[in-house]
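The structure under discussion appears below in the form of structure tokens.
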Amino acid sequence: MLSRMARQVAVGLAVALFGLPAVTACSPAQHSVGTAAHADDFGTPIGDRKIRDGGNLVMGLSSEPDRLDPTTSSSLYTRVVMSSICEKLYDNDSAGRPVPQLATALPDISADGLTVTVPLRTGLKFADGTTFDAAAVQTSLQRHLTFKTSQRTGEMGPIASIDTTDAGHVVLHLRTPFAPITAALADRAGMIMSPAALTAAGDSFGDHPVCVGPFKFVARVPQTSITVTRDPLYYDAAHVHLDGITYRIIGDDNIRAANLRSGDIQVADTIAPTDADALIGDPKLRLLQSSSLGYQGLTINIGNVDGVGKPTHRIDTPLAEDPRVREALSLSIDRPQLVRAVFAGWFDPACTPIAPNSAYASATGTACPAYDPQRAKQLLTAAGVPVPFPVKLQVSNRQADLRYAQALQSSVAAGGFDLQIVPVEYSTLLDVQKRGTFEALFLGWSGRIDPDANTARFLTTGSPGNYGGYSSPAMDDLLSRAGRVADPAQRADLYGRAVGLIQQDNPYLYTYRIRVLTGQSASVAGVEVYPDGVVRLGRAAFLAG
């Protein structure tokens, strides 16, 4: 039986995405954006359709993943690849509910919220033949928690220790209750790695990752492709149909779409809004689409001098030191107009880290700053800075990001800013944000089912995801309290207060939310894409005939 707290957490997560009863992967949900209405289509399981066993599927990835190490990675594209080779204790379904994967049930959480027991599958093997058991899980979780460059530490909450009771149960002991723990274990913090491979490879594990999954890693050609092959040791191998998957790096939106139409690739992520309508009208293709848990926006470097997670230092610039300058920049962004102009109404404006359709949303938690360029100029004058005020913005050289940055440049000029755009390779930009070698940068977050991972990761003092080096004791307190309560209404109130502080200090400027647009050939079945942005290919297959 689940404890009362465990049931509260599970119910809260089940409504976290929509604030509504769960929907199945094949139930369309209407989503209005701009003047158009688009229906969610998460993809459907194979069901009773006739398929042919075997074949190699090729997926076009819009950007290259960073290192394939679940402990240190920070790229959505790494999550896409890892989803086929590295299962987690939990996954989430299309409705944002946590579902067991390597675990057998939701965690049992003690009445005081301090002991979390995870029941595990038994009889499993990692791709290298190593036994999967509680000791292996303990090793991975400890690495996520304490590894020197881990990006997972803050996501896992206040874990004091990790132990096992037997081969089938791992136990987390918490210093304080942490409501998002199940959600954390449904993402990279819940990916379990072969302890034998960790011992052999150490820091280089990501060069040849070994986990439990329907496929296993074969090879990587930098800037070109990543190849995986079916794993015969996988516990559910009977439901794995493809011989292998090649993830081909195709950064150009037009080339990726053209390759999909020609049949050179069968799946393509991040379809550009300009191509979406054409794909919908092509009988040989299918457009999977979903609302997103994430957001896109600008990180302002306030104190990240020596690298993320290191002690922060003063940056002697008006943008870093004076919140009036950052507020002026926010007031200069015409969020609705930019979305209409650049993305043809397919995307939504974003004003905060809280998704409007989340159970944790509130009026204050989703409040949007006004577009007020005159007020922006007044703030710049009060701050005593030159107008136009120059801001150097590093941005991925992907076409959609550059188009938005150029439109943003025009928008903020009306508020007294000279936005200087510096295009950078996506993988390089991930490194730039970790090192802190930027004044401002434009990067998004694919989002998680619990708002803790969309807020505390980026805004808590010393967090390994706090790329701007922002520090506020008041923010730390609000987000810590939000993580300790299970009731969605109480958490919504706390996140609403946190948003008020975000919009006072403006360490991150939220701009828009994408729709997750994925193209697939009609000759393929079993591809699924959820609001977390991950394209799932583990059960995909080619249709017979």
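Each chain in the structure tokens gets a letter, A, B, ..., in the order shown, and its residues are numbered from 1; ligands are numbered from 1 in order too.
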Which of region 271-483 of chain A DSSP labels strand (DSSP E or B), written as a ChimeraX atom specification: /A:285-290,295-300,348-349,389-396,417-424,440-445
Residues near Ala127 (chain A), cut-off 7 Å, only C-alpha atoms, skip fewer than 5 positions along chain, as a list in words: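 The filter keeps Val210, Cys211, Val212, Lys216, Asp231 and Leu233 of chain A.
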Selection from above, all heavy atoms, as an mmCIF file, in the first residue's frame, can you write it?
data_model
loop_
_atom_site.group_PDB
_atom_site.id
_atom_site.type_symbol
_atom_site.label_atom_id
_atom_site.label_comp_id
_atom_site.auth_asym_id
_atom_site.auth_seq_id
_atom_site.Cartn_x
_atom_site.Cartn_y
_atom_site.Cartn_z
ATOM 1 N N VAL A 210 26.455 2.218 -21.127
ATOM 2 C CA VAL A 210 25.895 0.875 -20.990
ATOM 3 C C VAL A 210 24.791 0.918 -19.933
ATOM 4 O O VAL A 210 25.060 1.261 -18.776
ATOM 5 C CB VAL A 210 26.965 -0.153 -20.579
ATOM 6 C CG1 VAL A 210 26.346 -1.551 -20.461
ATOM 7 C CG2 VAL A 210 28.128 -0.160 -21.564
ATOM 8 N N CYS A 211 23.573 0.578 -20.333
ATOM 9 C CA CYS A 211 22.421 0.640 -19.438
ATOM 10 C C CYS A 211 21.514 -0.546 -19.717
ATOM 11 O O CYS A 211 21.903 -1.512 -20.377
ATOM 12 C CB CYS A 211 21.655 1.949 -19.656
ATOM 13 S SG CYS A 211 22.580 3.476 -19.367
ATOM 14 N N VAL A 212 20.278 -0.460 -19.219
ATOM 15 C CA VAL A 212 19.204 -1.377 -19.584
ATOM 16 C C VAL A 212 18.293 -0.644 -20.548
ATOM 17 O O VAL A 212 17.792 0.437 -20.228
ATOM 18 C CB VAL A 212 18.396 -1.828 -18.356
ATOM 19 C CG1 VAL A 212 17.203 -2.681 -18.788
ATOM 20 C CG2 VAL A 212 19.276 -2.578 -17.375
ATOM 21 N N LYS A 216 21.154 -0.943 -27.538
ATOM 22 C CA LYS A 216 22.429 -0.667 -26.886
ATOM 23 C C LYS A 216 23.307 0.150 -27.818
ATOM 24 O O LYS A 216 23.202 0.076 -29.045
ATOM 25 C CB LYS A 216 23.132 -1.960 -26.475
ATOM 26 C CG LYS A 216 23.451 -2.923 -27.612
ATOM 27 C CD LYS A 216 24.108 -4.196 -27.073
ATOM 28 C CE LYS A 216 24.418 -5.187 -28.200
ATOM 29 N NZ LYS A 216 25.073 -6.412 -27.685
ATOM 30 N N ASP A 231 19.108 -4.822 -28.309
ATOM 31 C CA ASP A 231 19.802 -5.529 -27.234
ATOM 32 C C ASP A 231 19.090 -6.845 -26.928
ATOM 33 O O ASP A 231 17.974 -6.830 -26.386
ATOM 34 C CB ASP A 231 19.852 -4.664 -25.974
ATOM 35 C CG ASP A 231 20.610 -5.339 -24.840
ATOM 36 O OD1 ASP A 231 21.227 -6.397 -25.079
ATOM 37 O OD2 ASP A 231 20.580 -4.807 -23.709
ATOM 38 N N LEU A 233 19.579 -8.873 -24.629
ATOM 39 C CA LEU A 233 19.461 -9.110 -23.185
ATOM 40 C C LEU A 233 18.326 -8.307 -22.552
ATOM 41 O O LEU A 233 18.026 -8.494 -21.373
ATOM 42 C CB LEU A 233 20.777 -8.746 -22.484
ATOM 43 C CG LEU A 233 22.014 -9.543 -22.896
ATOM 44 C CD1 LEU A 233 23.237 -9.057 -22.110
ATOM 45 C CD2 LEU A 233 21.803 -11.028 -22.677
#
Pick from A:Ala179, A:Ala272, A:Leu141, A:Leu285, whichever lies nearest to Arg481 (chain A) using only C-alpha atoms: A:Ala179
Counting only C-alpha atoms, the residue of A:Leu537, A:Ile46, A:Ala413, A:Ala359 that sits nearest Gly96 (chain A):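 Among A:Leu537, A:Ile46, A:Ala413, A:Ala359, it is A:Ala359 that comes nearest to Gly96 (chain A).
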Polymer residues at most 8 Å from Gly294 (chain A), only C-alpha atoms, same-chain spacing of 5 or more positions, as a PyMOL selection string: chain A and resi 353+355+444-448+454+513-514+532
Keeping only N, CA and C atoms, write the selected residues to a file as a CSV table (one decimal), in the first residue's frame.
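Contents of the output file out.csv:
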chain,number,residue,atom,x,y,z
A,353,PRO,N,8.0,30.3,-15.7
A,353,PRO,CA,8.4,28.9,-15.8
A,353,PRO,C,7.2,27.9,-15.6
A,355,ALA,N,3.8,26.3,-16.6
A,355,ALA,CA,2.9,26.2,-17.8
A,355,ALA,C,1.5,26.5,-17.4
A,444,GLY,N,16.6,27.3,-24.4
A,444,GLY,CA,15.4,26.9,-23.8
A,444,GLY,C,15.5,25.7,-22.9
A,445,TRP,N,14.4,25.2,-22.3
A,445,TRP,CA,14.4,24.1,-21.4
A,445,TRP,C,13.1,23.3,-21.8
A,446,SER,N,13.3,21.9,-22.0
A,446,SER,CA,12.3,21.1,-22.6
A,446,SER,C,11.2,20.8,-21.5
A,447,GLY,N,11.4,21.1,-20.3
A,447,GLY,CA,10.4,21.0,-19.3
A,447,GLY,C,10.3,19.6,-18.6
A,448,ARG,N,9.8,19.6,-17.4
A,448,ARG,CA,9.6,18.4,-16.6
A,448,ARG,C,8.1,18.4,-16.1
A,454,ASN,N,11.6,22.8,-13.2
A,454,ASN,CA,11.6,24.0,-14.1
A,454,ASN,C,11.9,25.3,-13.4
A,513,ARG,N,6.8,29.4,-25.6
A,513,ARG,CA,6.7,28.0,-25.5
A,513,ARG,C,6.4,27.4,-26.8
A,514,ILE,N,7.2,26.4,-27.2
A,514,ILE,CA,7.1,25.7,-28.5
A,514,ILE,C,5.9,24.7,-28.4
A,532,ASP,N,7.1,16.3,-22.7
A,532,ASP,CA,8.5,16.4,-22.2
A,532,ASP,C,9.5,16.6,-23.4
Taking only C-alpha atoms into account, produce a table as JSON lines in which each residue of region 121-187 of chain A with an atom at most 10 Å from an atom of region 74-78 of chain A appears once, together with its shortest atom pair and the distance in Å to one decimal, ordered by chain and rising number.
{"residue": "A:Ser150", "atom": "CA", "partner": "A:Ser74", "partner_atom": "CA", "distance": 9.8}
{"residue": "A:Gln151", "atom": "CA", "partner": "A:Ser74", "partner_atom": "CA", "distance": 7.0}
{"residue": "A:Arg152", "atom": "CA", "partner": "A:Ser74", "partner_atom": "CA", "distance": 9.3}
Which of A:Ala344, A:Ala498, A:Ala544, A:Cys86 sits closest to Ala189 (chain A) [using only C-alpha atoms]: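 Answer, going by the shortest atom-to-atom distance: A:Cys86.
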Selected residue, from A:Val527, A:Leu331, A:Ala407, A:Ile300, that lies nearest to Ala440 (chain A) when counting only C-alpha atoms: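 Selected residue with least distance to Ala440 (chain A): A:Ile300.
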Gap from CA of Leu393 (chain A) to CA of Glu327 (chain A) - Å, one decimal: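 Those two atoms sit 16.2 Å apart.
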Residue contacts of region 306-315 of chain A (6 Å, only C-alpha atoms) excluding same-chain residues fewer than 2 positions away, as a PyMOL selection string: chain A and resi 303-304+317+434-436+462-464+467+469
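Residues in contact with Asn397 (chain A) at up to 6 Å, not including ones fewer than 4 positions away on its chain and judged by only C-alpha atoms, are Pro423, Val424 and Glu425 of chain A.
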Shell around Arg261 (chain A) at 10 Å using only C-alpha atoms, local window under 2 positions removed, as a PyMOL selection string: chain A and resi 255-259+263-266+279+282+284-285+519-521
Output file for the residues above (N, CA, C and O atoms, as a short mmCIF file (atom, residue, chain, number, x, y, z; two decimals), in the first residue's frame):
data_model
loop_
_atom_site.label_atom_id
_atom_site.label_comp_id
_atom_site.auth_asym_id
_atom_site.auth_seq_id
_atom_site.Cartn_x
_atom_site.Cartn_y
_atom_site.Cartn_z
N ILE A 255 16.57 20.95 -44.88
CA ILE A 255 17.16 19.68 -45.30
C ILE A 255 16.53 18.52 -44.53
O ILE A 255 16.26 17.45 -45.09
N ARG A 256 16.28 18.74 -43.23
CA ARG A 256 15.66 17.69 -42.43
C ARG A 256 14.26 17.34 -42.96
O ARG A 256 13.90 16.18 -43.11
N ALA A 257 13.48 18.37 -43.27
CA ALA A 257 12.14 18.14 -43.82
C ALA A 257 12.22 17.48 -45.20
O ALA A 257 11.42 16.60 -45.52
N ALA A 258 13.18 17.90 -46.03
CA ALA A 258 13.33 17.31 -47.35
C ALA A 258 13.72 15.84 -47.25
O ALA A 258 13.23 14.99 -48.02
N ASN A 259 14.59 15.50 -46.31
CA ASN A 259 14.98 14.11 -46.10
C ASN A 259 13.81 13.26 -45.63
O ASN A 259 13.71 12.08 -45.97
N GLY A 263 12.14 10.10 -47.85
CA GLY A 263 12.24 8.78 -47.27
C GLY A 263 13.63 8.42 -46.79
O GLY A 263 13.85 7.31 -46.30
N ASP A 264 14.60 9.35 -46.90
CA ASP A 264 15.95 9.07 -46.42
C ASP A 264 15.99 8.94 -44.90
O ASP A 264 16.85 8.27 -44.35
N ILE A 265 15.08 9.63 -44.23
CA ILE A 265 14.89 9.44 -42.80
C ILE A 265 13.40 9.16 -42.57
O ILE A 265 12.55 9.55 -43.38
N GLN A 266 13.09 8.48 -41.49
CA GLN A 266 11.70 8.11 -41.22
C GLN A 266 11.07 8.94 -40.10
O GLN A 266 9.85 8.98 -39.95
N LEU A 279 3.40 19.24 -44.00
CA LEU A 279 3.47 17.86 -43.56
C LEU A 279 2.08 17.31 -43.27
O LEU A 279 1.78 16.15 -43.58
N ASP A 282 0.43 16.01 -46.38
CA ASP A 282 1.10 14.95 -47.15
C ASP A 282 0.64 13.59 -46.65
O ASP A 282 0.89 13.22 -45.50
N LYS A 284 1.75 10.72 -47.11
CA LYS A 284 2.83 9.79 -46.81
C LYS A 284 3.51 10.10 -45.47
O LYS A 284 4.40 9.36 -45.05
N LEU A 285 3.08 11.19 -44.84
CA LEU A 285 3.72 11.63 -43.60
C LEU A 285 2.68 11.86 -42.51
O LEU A 285 1.48 11.95 -42.77
N GLY A 519 7.95 14.99 -37.17
CA GLY A 519 7.46 14.37 -38.40
C GLY A 519 7.85 12.90 -38.46
O GLY A 519 8.93 12.52 -38.01
N GLN A 520 6.94 12.08 -39.01
CA GLN A 520 7.29 10.68 -39.20
C GLN A 520 6.68 10.17 -40.50
O GLN A 520 5.66 10.68 -40.97
N SER A 521 7.32 9.17 -41.06
CA SER A 521 6.79 8.51 -42.24
C SER A 521 5.56 7.69 -41.85
O SER A 521 5.51 7.08 -40.78
#
